[in-house]
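Colleague: Sending over a structure as structure tokens; questions will come in a sec.
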Amino acid sequence: ALEPPGGDALRETESRYQHEVLGLVAAGDLQEALDQMLEAALRLDGVQAACVYLVGPGPDALEMAAHAGLSEAAVSSLRHLSGRSPEARQLAEGLEIDGRSSAHSPDLAPILTADGLRATAATPVKHQDRVIAFLALGSRTVDEIPASTRDAMRLIGAQFGAIVAHTRAEQALRDSESKYRLLFELANDAIVVPEHPAMRVIAANAAACHLYGS
């Protein structure tokens, strides 16, 4: 369990998470980043379950992207979360949630309590003042998530906001490159890519190779 944040303990915790974040930035892997976020969350005092929701472009586009410590039934029920739910709207406004699981909205409370979760806490994950994800924690051993755990949860959320945004951008770039590479290769017109200033051809599609010879 983590020590209550403050002084050297908080700086040591922050340093450790920053090291993990930098490694994931280099890897550019969103799923790995999310798994590492949950691994860090499960090390916190009183936490036995955690999940991450990524915020999509629409009001109902809240998808559970990673989870740990939840039953299959809970994951199945919670995989899609309405952006119009009270909890989602509160998080979208940048506000945190914490308290007994039984105090949640009627749609969520029965699912959480059936999975043995007595207390939950959630924090918005932001990048450039925009909420891009939610990090949620659950406990089966306490009726309230400890204050030290909620502080560390905020730290994890702050650190990983940048990683989620970065890896999403990296994936979008890779998808775009793959798309244009396919268009380049399948084009009926001959296309060559010269390198300046020598004008040496550094790439040519199949049509160009057929026309000019490989």
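All residue names refer to the structure tokens as shown: chains lettered A, B, ... in order, residues numbered from 1 in each chain, ligands numbered from 1 in order.
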Please identify all polymer residues within 12 Å of A:Ser85, counting only C-alpha atoms, omitting same-chain residues fewer than 2 positions from it, and present them as a PyMOL selection string.
Modeller: chain A and resi 59-62+80-83+87-92+104-108
Colleague: Please identify all polymer residues within 7 Å of A:Thr113, counting only C-alpha atoms, omitting same-chain residues fewer than 5 positions from it, and present them as a PDB file with N, CA, C and O atoms, in the first residue's frame.
Modeller:
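Saved as part.pdb:
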ATOM      1  N   SER A 101     -20.895   2.055  -2.986  1.00  0.00           N
ATOM      2  CA  SER A 101     -21.422   1.589  -4.268  1.00  0.00           C
ATOM      3  C   SER A 101     -22.935   1.650  -4.306  1.00  0.00           C
ATOM      4  O   SER A 101     -23.541   1.930  -5.350  1.00  0.00           O
ATOM      5  N   SER A 102     -23.564   1.400  -3.163  1.00  0.00           N
ATOM      6  CA  SER A 102     -25.029   1.386  -3.102  1.00  0.00           C
ATOM      7  C   SER A 102     -25.630   2.760  -3.340  1.00  0.00           C
ATOM      8  O   SER A 102     -26.839   2.872  -3.604  1.00  0.00           O
ATOM      9  N   ARG A 118     -17.876  -2.548  -2.298  1.00  0.00           N
ATOM     10  CA  ARG A 118     -18.509  -1.771  -1.228  1.00  0.00           C
ATOM     11  C   ARG A 118     -18.322  -0.270  -1.431  1.00  0.00           C
ATOM     12  O   ARG A 118     -19.173   0.529  -1.016  1.00  0.00           O
TER      13      ARG A 118
END
Colleague: Skipping near chain neighbours, those fewer than 6 positions away, what residues fall within 7 Å of stretch 41-57 of chain A using only C-alpha atoms, listed as a PyMOL selection string?
Modeller: chain A and resi 1-2+63-70+132-142+145+149+153
Colleague: Rank A:Ala208, A:Ile156, A:Leu173, A:Val125 by their smallest atom-to-atom distance to A:Leu38, using only C-alpha atoms, and report the top residue only.
Modeller: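 The shortest atom-to-atom distance to A:Leu38 comes from A:Ile156.
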Colleague: From stretch 3-206 of chain A, collect each residue whose DSSP state is alpha helix (DSSP H) and return the set as a PyMOL selection string.
Modeller: chain A and resi 7-27+30-42+72-78+86-92+109-114+147-186+206
Colleague: Mind the document's chain letters and residue numbers, and return as number ranges by chain the residues of stretch 3-207 of chain A that DSSP labels strand (DSSP E).
Modeller: A: 49-55, 62-68, 80-81, 97-100, 119-127, 130-139, 192-195, 200-204
Colleague: Which of these, A:Asp98, A:Phe160, A:Pro146, A:Asn205, has the shortest distance to A:Leu183 once you count only C-alpha atoms?
Modeller: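 Residue with the minimum atom-to-atom distance to A:Leu183: A:Asn205.
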Colleague: Find the residues near A:Ile97: any atom within 7 Å, counting only C-alpha atoms, skip ones fewer than 6 places away on the same chain, and give them as an MDAnalysis selection string.
Modeller: chainID A and resid 121:123
Colleague: Mind writing the picked residues with C-alpha atoms as a short mmCIF file (atom, residue, chain, number, x, y, z; two decimals), in the first residue's frame?
Modeller:
data_model
loop_
_atom_site.label_atom_id
_atom_site.label_comp_id
_atom_site.auth_asym_id
_atom_site.auth_seq_id
_atom_site.Cartn_x
_atom_site.Cartn_y
_atom_site.Cartn_z
CA ALA A 121 -14.04 6.33 -6.60
CA ALA A 122 -13.55 7.81 -10.05
CA THR A 123 -11.60 10.70 -11.47
#
Colleague: What is the atom CA of A:Val193 to atom CA of A:Ala169 distance in Å?
Modeller: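 Atom CA of A:Ala169 lies at a distance of 25.7 Å from atom CA of A:Val193.
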Colleague: Distance atom CA of A:Ala74-atom CA of A:Asp115, one decimal place?
Modeller: 6.5 Å
